[in-house]
Amino acid sequence: MEIGVVGKPNVGKSTFFSAATLVDVQIANYPFTTIDANVGVTYAIAEHPCKELGCTPNPQNYEYRDGKALIPIKMIDVAGLVPGAHEGRGLGNKFLDDLRMASALIHVVDATGKTDAEGNPVEHHDPVEDIEFLEKEIDYWIYGILRKNWEKFAKRIKLQHLKLAQAIADQLTGIGVSEEDAFEAIHKLGLDNDPTKWSDEDLFAFVRELRKINKPIIIAANKADAAADAQIERLIRKGKSRGYIVVPTSAAAELTLRKAAKAGFIDYVPGSSDFKILKPLSPKQEKALGLIKERVLDRFGSTGVQEVINRATFELLKLVPAYPVEDEHKLTDQFGNVLPHVHLLPKGSTPRDLAYKVHTDLGRTFLYAVNARTHRRVGEDYELEFNDIIKIVATAR
Ligand SMILES: Nc1nc2c(ncn2[C@@H]2O[C@H](COP(=O)(O)OP(=O)(O)OP(=O)(O)O)[C@@H](O)[C@H]2O)c(=O)[nH]1
Ligand SMILES: [Mg+2]
């Protein structure tokens with residue numbers, strides 16, 4: 001599972017990425033600071049079952065902190081995107097290619113309106129325009145891949161009676177499109193099963209729908225510390241009317257807080273509305289942290305960075321954390337570790353899907369599952385719920 005950080009140049013993508021992953025990267029106030037993509041690990045944070053059950057976990061594939069599970073997620077920070085990137089402008093397709101396997105995109109927008117479409121400092125730019133521009137660039141990118149051999153491809157599907165959704169998914173495996181994704185987009189638009197009947201508009205409409213399914217976007221209204229309330233409110237309103245989740249963020253504040261915490265100056269849990277000073281600070285440090293408290297934490301309740309990651313994971317991608325165990329009474333694996341593993345699965349997944357996620361063999365030999373909370377056996381089509389603890393019973397190998 002991979003999340004991409006995208007947007008035009010100079011909006012704070014690398015700052016957001018660095019704050020989220022604590023990977024040191026180049027950050028500067030000019031366009032195209034980032035050329036090669038940065039890759040790191042961030043965490044989606046969820047309540048841990050032990051908080052409710054009063055246990056002490058032995059996490060193996062995640063981290064545990066203050067009753068919360070920190071679930072690792074790969075994050076990728078790419079070069080800035082300018083209008084016409086799909087035709088190769090700016091760093092063009094290179095940027096887009098780095099995003100091939102992203103499951104979701106965090107679109108970082110400069111909420112202050114002080115960077116133009118190309119990422120240069122300017123007095124007034126409407127950030128709402130950036131929302132549309134990014135959609136368009138990604139749409140044209142996917143459209144470009146499909147359009148290339150479309151006539152031939154469509155004829156072949158018709159002649160060989162191929163399954164349309166599957167054939168399209170085969171064309172787009174490189175960007176992680178599944179048969180289900182393609183099927184969903186075709187049906188949502190009520191498109192003909194014979195693709196030779198599709199007009200160019202049909203194809204573009206299909207691509208738009210597919211992008212929404214395959215690369216869903218959440219908006220980080222960044223530099224919120226320097227933006228007026230009215231600017232933020234407008235961006236939230238306009239974004240919402242286009243179906244987006246919009247979260248005000250200050251990536252710069254989050255980066256300062258996480259670095260100060262790492263250096264032991266403060267106690268700060270990402271996502272929280274406050275921090276505790278642990279060591280005497282220099283007047284400069286004190287001032288910087290005071291401003292963060294006043295302009296960000298007290299104003300928005302948090303820096304927004306963790307909220308974006310959490311909402312991308314649990315709301316946008318609708319992923320559900322589930323904990324497989326061997327002993328449903330002690331909640332342990334075969335070695336006695338309490339709730340050692342957590343897996344993120346798409347909403348609607350079943351215990352068998354969880355078994356496959358643990359190990360292909362376990363999926364293949366799956367017999368039935370027990371819900372460790374109720375100690376009841378659950379049915380074949382039981383849908384996993386948030387923080388389910390599941391014992392998987394399989395045939396002996
Ligand atoms: N006030 C404020 N400035 C920010 C914030 N986040 C980033 N910046 C500043 O914005 C400028 C650009 O930051 P980067 O993180 O390099 O932006 P980018 O989007 O990665 O830029 P490119 O790699 O060139 O596309 C830097 O001067 C940052 O310090 C923020 O939350 N608030
Ligand atoms: Mg950058």
# chains A, B, ... in the order shown; residues from 1 in each chain; ligands from 1
$ residues_around --residues "A:Pro280" --least-positions-apart "6" --cutoff "12 Å" --atoms "only C-alpha atoms" --output "ChimeraX atom specification"
/A:264-266,286
$ write_last_selection --atoms "all heavy atoms" --output "mmCIF file, in the first residue's frame"
data_model
loop_
_atom_site.group_PDB
_atom_site.id
_atom_site.type_symbol
_atom_site.label_atom_id
_atom_site.label_comp_id
_atom_site.auth_asym_id
_atom_site.auth_seq_id
_atom_site.Cartn_x
_atom_site.Cartn_y
_atom_site.Cartn_z
ATOM 1 N N GLY A 264 14.287 15.319 21.569
ATOM 2 C CA GLY A 264 14.027 15.245 23.003
ATOM 3 C C GLY A 264 13.654 16.561 23.665
ATOM 4 O O GLY A 264 13.579 16.650 24.890
ATOM 5 N N PHE A 265 13.381 17.595 22.872
ATOM 6 C CA PHE A 265 13.016 18.887 23.466
ATOM 7 C C PHE A 265 11.566 18.904 23.944
ATOM 8 O O PHE A 265 11.231 19.549 24.921
ATOM 9 C CB PHE A 265 13.217 20.022 22.453
ATOM 10 C CG PHE A 265 14.656 20.391 22.265
ATOM 11 C CD1 PHE A 265 15.331 20.062 21.099
ATOM 12 C CD2 PHE A 265 15.348 21.053 23.279
ATOM 13 C CE1 PHE A 265 16.662 20.389 20.932
ATOM 14 C CE2 PHE A 265 16.677 21.384 23.114
ATOM 15 C CZ PHE A 265 17.345 21.049 21.938
ATOM 16 N N ILE A 266 10.734 18.205 23.203
ATOM 17 C CA ILE A 266 9.312 18.198 23.580
ATOM 18 C C ILE A 266 8.757 16.773 23.494
ATOM 19 O O ILE A 266 9.327 15.908 22.845
ATOM 20 C CB ILE A 266 8.454 19.108 22.649
ATOM 21 C CG1 ILE A 266 8.558 18.637 21.178
ATOM 22 C CG2 ILE A 266 8.859 20.569 22.769
ATOM 23 C CD1 ILE A 266 7.560 19.320 20.249
ATOM 24 N N GLU A 286 11.757 28.755 21.623
ATOM 25 C CA GLU A 286 10.541 29.033 22.385
ATOM 26 C C GLU A 286 9.543 29.833 21.544
ATOM 27 O O GLU A 286 8.347 29.558 21.535
ATOM 28 C CB GLU A 286 10.915 29.824 23.640
ATOM 29 C CG GLU A 286 9.876 29.697 24.730
ATOM 30 C CD GLU A 286 10.475 30.052 26.099
ATOM 31 O OE1 GLU A 286 11.600 29.593 26.412
ATOM 32 O OE2 GLU A 286 9.827 30.815 26.808
#
$ select_by_dssp --residues "stretch 198-314 of chain A" --states "strand (DSSP E or B)" --output "number ranges by chain"
A: 217-222, 246-248, 266-267, 276-277
$ write_last_selection --atoms "all heavy atoms" --output "compact mmCIF listing (two decimals), in the first residue's frame"
# COMPACT_ATOMS: atom_id res chain seq x y z
N ILE A 217 -8.31 10.99 -4.33
CA ILE A 217 -7.50 12.13 -3.87
C ILE A 217 -8.10 12.76 -2.61
O ILE A 217 -9.31 12.91 -2.50
CB ILE A 217 -7.45 13.21 -5.00
CG1 ILE A 217 -6.79 12.64 -6.26
CG2 ILE A 217 -6.71 14.46 -4.53
CD1 ILE A 217 -6.90 13.54 -7.49
N ILE A 218 -7.21 13.12 -1.68
CA ILE A 218 -7.60 13.92 -0.51
C ILE A 218 -6.80 15.21 -0.58
O ILE A 218 -5.66 15.20 -1.06
CB ILE A 218 -7.35 13.14 0.81
CG1 ILE A 218 -7.80 13.94 2.03
CG2 ILE A 218 -5.89 12.74 0.97
CD1 ILE A 218 -7.84 13.12 3.33
N ILE A 219 -7.38 16.31 -0.15
CA ILE A 219 -6.68 17.59 -0.29
C ILE A 219 -6.14 18.10 1.05
O ILE A 219 -6.87 18.18 2.05
CB ILE A 219 -7.62 18.64 -0.91
CG1 ILE A 219 -7.95 18.21 -2.35
CG2 ILE A 219 -7.00 20.04 -0.90
CD1 ILE A 219 -8.98 19.05 -3.03
N ALA A 220 -4.85 18.43 1.06
CA ALA A 220 -4.22 19.08 2.20
C ALA A 220 -4.13 20.57 1.89
O ALA A 220 -3.39 20.96 0.99
CB ALA A 220 -2.84 18.49 2.45
N ALA A 221 -4.93 21.38 2.58
CA ALA A 221 -4.89 22.84 2.39
C ALA A 221 -3.71 23.35 3.20
O ALA A 221 -3.84 23.75 4.35
CB ALA A 221 -6.21 23.45 2.84
N ASN A 222 -2.54 23.31 2.56
CA ASN A 222 -1.28 23.52 3.29
C ASN A 222 -0.94 25.01 3.45
O ASN A 222 -1.53 25.86 2.82
CB ASN A 222 -0.15 22.77 2.58
CG ASN A 222 1.07 22.64 3.46
OD1 ASN A 222 0.95 22.42 4.67
ND2 ASN A 222 2.25 22.79 2.89
N VAL A 246 -11.21 17.90 2.54
CA VAL A 246 -10.18 18.94 2.58
C VAL A 246 -9.76 19.14 4.03
O VAL A 246 -10.61 19.39 4.89
CB VAL A 246 -10.70 20.28 2.01
CG1 VAL A 246 -9.59 21.34 2.01
CG2 VAL A 246 -11.26 20.10 0.61
N VAL A 247 -8.47 19.04 4.32
CA VAL A 247 -7.97 19.20 5.69
C VAL A 247 -6.95 20.33 5.72
O VAL A 247 -5.97 20.28 4.97
CB VAL A 247 -7.30 17.90 6.20
CG1 VAL A 247 -6.83 18.05 7.63
CG2 VAL A 247 -8.24 16.70 6.06
N PRO A 248 -7.17 21.37 6.54
CA PRO A 248 -6.13 22.40 6.66
C PRO A 248 -4.88 21.79 7.30
O PRO A 248 -4.98 21.06 8.29
CB PRO A 248 -6.74 23.44 7.61
CG PRO A 248 -8.13 23.00 7.89
CD PRO A 248 -8.29 21.58 7.45
N ILE A 266 10.73 18.21 23.20
CA ILE A 266 9.31 18.20 23.58
C ILE A 266 8.76 16.77 23.49
O ILE A 266 9.33 15.91 22.84
CB ILE A 266 8.45 19.11 22.65
CG1 ILE A 266 8.56 18.64 21.18
CG2 ILE A 266 8.86 20.57 22.77
CD1 ILE A 266 7.56 19.32 20.25
N ASP A 267 7.63 16.59 24.18
CA ASP A 267 6.88 15.35 24.03
C ASP A 267 5.70 15.69 23.12
O ASP A 267 4.88 16.54 23.47
CB ASP A 267 6.40 14.87 25.41
CG ASP A 267 5.67 13.55 25.30
OD1 ASP A 267 5.84 12.85 24.27
OD2 ASP A 267 4.94 13.21 26.25
N LYS A 276 4.37 18.90 25.12
CA LYS A 276 4.90 19.23 26.44
C LYS A 276 6.40 19.53 26.32
O LYS A 276 7.13 18.76 25.71
CB LYS A 276 4.68 18.05 27.38
CG LYS A 276 4.38 18.48 28.80
CD LYS A 276 3.80 17.39 29.67
CE LYS A 276 4.81 16.30 29.98
NZ LYS A 276 4.21 15.00 30.24
N ILE A 277 6.82 20.64 26.90
CA ILE A 277 8.24 20.99 26.84
C ILE A 277 8.99 20.18 27.89
O ILE A 277 8.61 20.12 29.06
CB ILE A 277 8.44 22.50 27.04
CG1 ILE A 277 7.80 23.25 25.86
CG2 ILE A 277 9.92 22.85 27.15
CD1 ILE A 277 7.69 24.74 26.01
$ residues_near_ligand --ligand "ligand 1" --cutoff "9 Å" --atoms "only C-alpha atoms and all ligand atoms" --output "VMD selection string"
chain A and resid 5 to 18 25 to 35 77 to 81 108 to 110 112 119 221 to 227 249 to 255 303
$ write_last_selection --atoms "N, CA and C atoms" --output "CSV table (one decimal), in the first residue's frame"
chain,number,residue,atom,x,y,z
A,5,VAL,N,2.3,11.8,-2.6
A,5,VAL,CA,2.1,13.2,-2.3
A,5,VAL,C,2.3,14.0,-3.5
A,6,VAL,N,1.3,14.7,-4.0
A,6,VAL,CA,1.3,15.4,-5.3
A,6,VAL,C,0.9,16.8,-5.2
A,7,GLY,N,1.1,17.5,-6.3
A,7,GLY,CA,0.7,18.9,-6.4
A,7,GLY,C,1.6,19.7,-7.3
A,8,LYS,N,1.3,21.0,-7.5
A,8,LYS,CA,2.2,21.8,-8.3
A,8,LYS,C,3.5,22.1,-7.5
A,9,PRO,N,4.5,22.7,-8.1
A,9,PRO,CA,5.8,22.9,-7.4
A,9,PRO,C,5.6,23.9,-6.3
A,10,ASN,N,6.4,23.7,-5.3
A,10,ASN,CA,6.6,24.7,-4.2
A,10,ASN,C,5.4,24.9,-3.2
A,11,VAL,N,4.6,23.9,-3.1
A,11,VAL,CA,3.4,24.0,-2.2
A,11,VAL,C,3.7,23.4,-0.9
A,12,GLY,N,4.8,22.6,-0.7
A,12,GLY,CA,5.1,22.0,0.5
A,12,GLY,C,5.0,20.5,0.5
A,13,LYS,N,5.1,19.9,-0.6
A,13,LYS,CA,5.0,18.4,-0.7
A,13,LYS,C,6.1,17.7,0.1
A,14,SER,N,7.3,18.2,-0.2
A,14,SER,CA,8.5,17.6,0.5
A,14,SER,C,8.4,17.8,2.0
A,15,THR,N,7.9,19.0,2.4
A,15,THR,CA,7.8,19.3,3.8
A,15,THR,C,6.8,18.4,4.4
A,16,PHE,N,5.7,18.2,3.7
A,16,PHE,CA,4.7,17.2,4.2
A,16,PHE,C,5.2,15.8,4.3
A,17,PHE,N,5.9,15.4,3.3
A,17,PHE,CA,6.5,14.1,3.3
A,17,PHE,C,7.5,13.9,4.4
A,18,SER,N,8.4,14.9,4.6
A,18,SER,CA,9.4,14.8,5.6
A,18,SER,C,8.8,14.8,7.0
A,25,VAL,N,14.8,15.5,3.5
A,25,VAL,CA,14.8,15.8,2.1
A,25,VAL,C,15.1,17.3,1.8
A,26,GLN,N,15.3,17.6,0.6
A,26,GLN,CA,15.5,19.0,0.2
A,26,GLN,C,14.2,19.7,0.2
A,27,ILE,N,14.2,20.9,0.9
A,27,ILE,CA,13.0,21.7,1.0
A,27,ILE,C,13.5,23.1,0.6
A,28,ALA,N,12.9,23.8,-0.3
A,28,ALA,CA,13.3,25.2,-0.6
A,28,ALA,C,12.2,25.9,-1.3
A,29,ASN,N,12.3,27.3,-1.2
A,29,ASN,CA,11.2,28.1,-1.7
A,29,ASN,C,11.4,28.4,-3.2
A,30,TYR,N,11.5,27.4,-4.0
A,30,TYR,CA,11.5,27.6,-5.5
A,30,TYR,C,11.0,26.3,-6.1
A,31,PRO,N,10.5,26.4,-7.4
A,31,PRO,CA,10.0,25.3,-8.0
A,31,PRO,C,11.0,24.2,-8.3
A,32,PHE,N,10.6,23.0,-8.4
A,32,PHE,CA,11.4,21.8,-8.8
A,32,PHE,C,12.6,21.6,-7.9
A,33,THR,N,12.4,21.8,-6.6
A,33,THR,CA,13.4,21.4,-5.7
A,33,THR,C,13.6,19.9,-5.7
A,34,THR,N,12.4,19.2,-5.8
A,34,THR,CA,12.5,17.8,-5.8
A,34,THR,C,12.5,17.3,-7.3
A,35,ILE,N,13.4,16.5,-7.7
A,35,ILE,CA,13.4,15.9,-9.0
A,35,ILE,C,13.2,14.4,-9.0
A,77,ASP,N,7.0,11.0,-2.4
A,77,ASP,CA,7.0,12.4,-2.6
A,77,ASP,C,7.6,12.7,-4.0
A,78,VAL,N,6.8,13.2,-4.9
A,78,VAL,CA,7.3,13.3,-6.3
A,78,VAL,C,7.5,14.8,-6.7
A,79,ALA,N,8.1,14.9,-7.9
A,79,ALA,CA,8.4,16.3,-8.4
A,79,ALA,C,7.1,17.0,-8.6
A,80,GLY,N,7.2,18.4,-8.6
A,80,GLY,CA,6.0,19.2,-8.8
A,80,GLY,C,5.4,19.0,-10.2
A,81,LEU,N,4.1,19.2,-10.3
A,81,LEU,CA,3.4,19.0,-11.6
A,81,LEU,C,3.0,20.3,-12.1
A,108,VAL,N,-1.4,18.3,-2.2
A,108,VAL,CA,-1.0,19.4,-1.4
A,108,VAL,C,-1.2,20.7,-2.2
A,109,VAL,N,-2.0,21.6,-1.5
A,109,VAL,CA,-2.4,22.8,-2.2
A,109,VAL,C,-1.9,24.0,-1.3
A,110,ASP,N,-1.4,25.0,-1.9
A,110,ASP,CA,-1.0,26.2,-1.1
A,110,ASP,C,-2.2,27.1,-0.8
A,112,THR,N,-2.6,29.7,0.9
A,112,THR,CA,-2.4,31.1,0.9
A,112,THR,C,-2.6,31.8,-0.4
A,119,GLY,N,4.5,27.4,-9.7
A,119,GLY,CA,5.2,27.3,-8.4
A,119,GLY,C,6.0,28.5,-8.1
A,221,ALA,N,-4.9,21.4,2.6
A,221,ALA,CA,-4.9,22.8,2.4
A,221,ALA,C,-3.7,23.4,3.2
A,222,ASN,N,-2.5,23.3,2.6
A,222,ASN,CA,-1.3,23.5,3.3
A,222,ASN,C,-0.9,25.0,3.4
A,223,LYS,N,0.1,25.2,4.3
A,223,LYS,CA,0.5,26.6,4.7
A,223,LYS,C,-0.6,27.3,5.4
A,224,ALA,N,-1.5,26.5,6.0
A,224,ALA,CA,-2.7,27.0,6.7
A,224,ALA,C,-2.2,28.0,7.8
A,225,ASP,N,-1.0,27.8,8.4
A,225,ASP,CA,-0.5,28.8,9.4
A,225,ASP,C,-0.5,30.2,8.8
A,226,ALA,N,-0.2,30.3,7.5
A,226,ALA,CA,-0.1,31.7,6.9
A,226,ALA,C,-1.3,32.1,6.1
A,227,ALA,N,-2.3,31.3,6.1
A,227,ALA,CA,-3.5,31.6,5.4
A,227,ALA,C,-4.6,32.2,6.3
A,249,THR,N,-3.7,22.1,6.7
A,249,THR,CA,-2.5,21.5,7.3
A,249,THR,C,-1.4,22.6,7.4
A,250,SER,N,-0.5,22.4,8.3
A,250,SER,CA,0.7,23.1,8.3
A,250,SER,C,1.9,22.1,8.4
A,251,ALA,N,2.3,21.7,7.2
A,251,ALA,CA,3.4,20.7,7.1
A,251,ALA,C,4.6,21.2,7.8
A,252,ALA,N,4.9,22.5,7.7
A,252,ALA,CA,6.1,23.1,8.3
A,252,ALA,C,6.0,23.0,9.8
A,253,ALA,N,4.8,23.3,10.4
A,253,ALA,CA,4.7,23.1,11.8
A,253,ALA,C,4.9,21.7,12.3
A,254,GLU,N,4.3,20.8,11.5
A,254,GLU,CA,4.5,19.3,11.9
A,254,GLU,C,5.9,18.9,11.8
A,255,LEU,N,6.6,19.4,10.8
A,255,LEU,CA,8.1,19.0,10.7
A,255,LEU,C,8.8,19.6,11.9
A,303,THR,N,-1.9,19.9,13.5
A,303,THR,CA,-1.2,20.4,12.3
A,303,THR,C,-1.9,19.9,11.0
$ select_by_dssp --residues "stretch 262-371 of chain A" --states "alpha helix (DSSP H)" --output "ChimeraX atom specification"
/A:262,283-292,298-300,305-311,351-358,360-364
$ residues_around --residues "stretch 49-56 of chain A" --least-positions-apart "5" --cutoff "8 Å" --atoms "only C-alpha atoms" --output "MDAnalysis selection string"
chainID A and resid 67:68 338 387
$ residues_around --residues "stretch 162-166 of chain A" --least-positions-apart "5" --cutoff "7 Å" --atoms "only C-alpha atoms" --output "VMD selection string"
chain A and resid 157 179 182 to 183 193
$ residues_around --residues "stretch 144-155 of chain A" --least-positions-apart "5" --cutoff "8 Å" --atoms "only C-alpha atoms" --output "mmCIF file with all heavy atoms, in the first residue's frame"
data_model
loop_
_atom_site.group_PDB
_atom_site.id
_atom_site.type_symbol
_atom_site.label_atom_id
_atom_site.label_comp_id
_atom_site.auth_asym_id
_atom_site.auth_seq_id
_atom_site.Cartn_x
_atom_site.Cartn_y
_atom_site.Cartn_z
ATOM 1 N N GLN A 171 -4.355 -3.763 -19.785
ATOM 2 C CA GLN A 171 -3.670 -2.615 -20.391
ATOM 3 C C GLN A 171 -3.091 -1.689 -19.326
ATOM 4 O O GLN A 171 -2.111 -1.000 -19.563
ATOM 5 C CB GLN A 171 -4.665 -1.764 -21.216
ATOM 6 C CG GLN A 171 -5.154 -2.367 -22.467
ATOM 7 C CD GLN A 171 -4.155 -2.170 -23.604
ATOM 8 O OE1 GLN A 171 -3.347 -3.055 -23.859
ATOM 9 N NE2 GLN A 171 -4.182 -1.027 -24.258
ATOM 10 N N LEU A 172 -3.767 -1.648 -18.172
ATOM 11 C CA LEU A 172 -3.415 -0.655 -17.146
ATOM 12 C C LEU A 172 -2.843 -1.279 -15.875
ATOM 13 O O LEU A 172 -2.845 -0.639 -14.825
ATOM 14 C CB LEU A 172 -4.651 0.203 -16.800
ATOM 15 C CG LEU A 172 -5.198 1.071 -17.939
ATOM 16 C CD1 LEU A 172 -6.493 1.760 -17.515
ATOM 17 C CD2 LEU A 172 -4.184 2.122 -18.376
ATOM 18 N N ASP A 194 -19.491 -3.236 -25.863
ATOM 19 C CA ASP A 194 -18.676 -3.276 -27.080
ATOM 20 C C ASP A 194 -17.901 -1.954 -27.191
ATOM 21 O O ASP A 194 -18.471 -0.913 -27.527
ATOM 22 C CB ASP A 194 -19.620 -3.459 -28.282
ATOM 23 C CG ASP A 194 -18.877 -3.328 -29.596
ATOM 24 O OD1 ASP A 194 -17.637 -3.131 -29.572
ATOM 25 O OD2 ASP A 194 -19.549 -3.413 -30.636
ATOM 26 N N PRO A 195 -16.604 -1.983 -26.925
ATOM 27 C CA PRO A 195 -15.847 -0.736 -26.859
ATOM 28 C C PRO A 195 -15.666 -0.061 -28.220
ATOM 29 O O PRO A 195 -15.307 1.116 -28.264
ATOM 30 C CB PRO A 195 -14.489 -1.163 -26.290
ATOM 31 C CG PRO A 195 -14.376 -2.610 -26.595
ATOM 32 C CD PRO A 195 -15.767 -3.154 -26.643
ATOM 33 N N THR A 196 -15.944 -0.769 -29.326
ATOM 34 C CA THR A 196 -15.838 -0.093 -30.627
ATOM 35 C C THR A 196 -16.965 0.939 -30.765
ATOM 36 O O THR A 196 -16.924 1.797 -31.633
ATOM 37 C CB THR A 196 -15.920 -1.096 -31.811
ATOM 38 O OG1 THR A 196 -17.192 -1.756 -31.753
ATOM 39 C CG2 THR A 196 -14.815 -2.128 -31.757
#
$ closest_residue --among "A:Ser273, A:Ser199, A:Thr256, A:Gln334" --to "A:Leu22" --atoms "only C-alpha atoms"
A:Thr256
$ residues_around --residues "A:Ile142" --least-positions-apart "6" --cutoff "9 Å" --atoms "only C-alpha atoms" --output "CSV table (one decimal) with C-alpha atoms, in the first residue's frame"
chain,number,residue,atom,x,y,z
A,172,LEU,CA,-3.4,-0.7,-17.1
A,175,ILE,CA,-0.8,1.8,-12.9
A,207,VAL,CA,-10.9,7.5,-17.6
A,208,ARG,CA,-12.2,10.2,-15.2
A,211,ARG,CA,-9.1,7.8,-11.8
$ residues_around --residues "A:Gly84" --least-positions-apart "5" --cutoff "12 Å" --atoms "only C-alpha atoms" --output "PyMOL selection string"
chain A and resi 8+89-93+96+117-118+133-134+136-141
$ atom_distance --atom1 "atom CA of A:Val82" --atom2 "atom CA of A:Arg234"
23.2 Å
$ atom_distance --atom1 "atom CA of A:Asp98" --atom2 "atom CA of A:Ile3"
11.2 Å
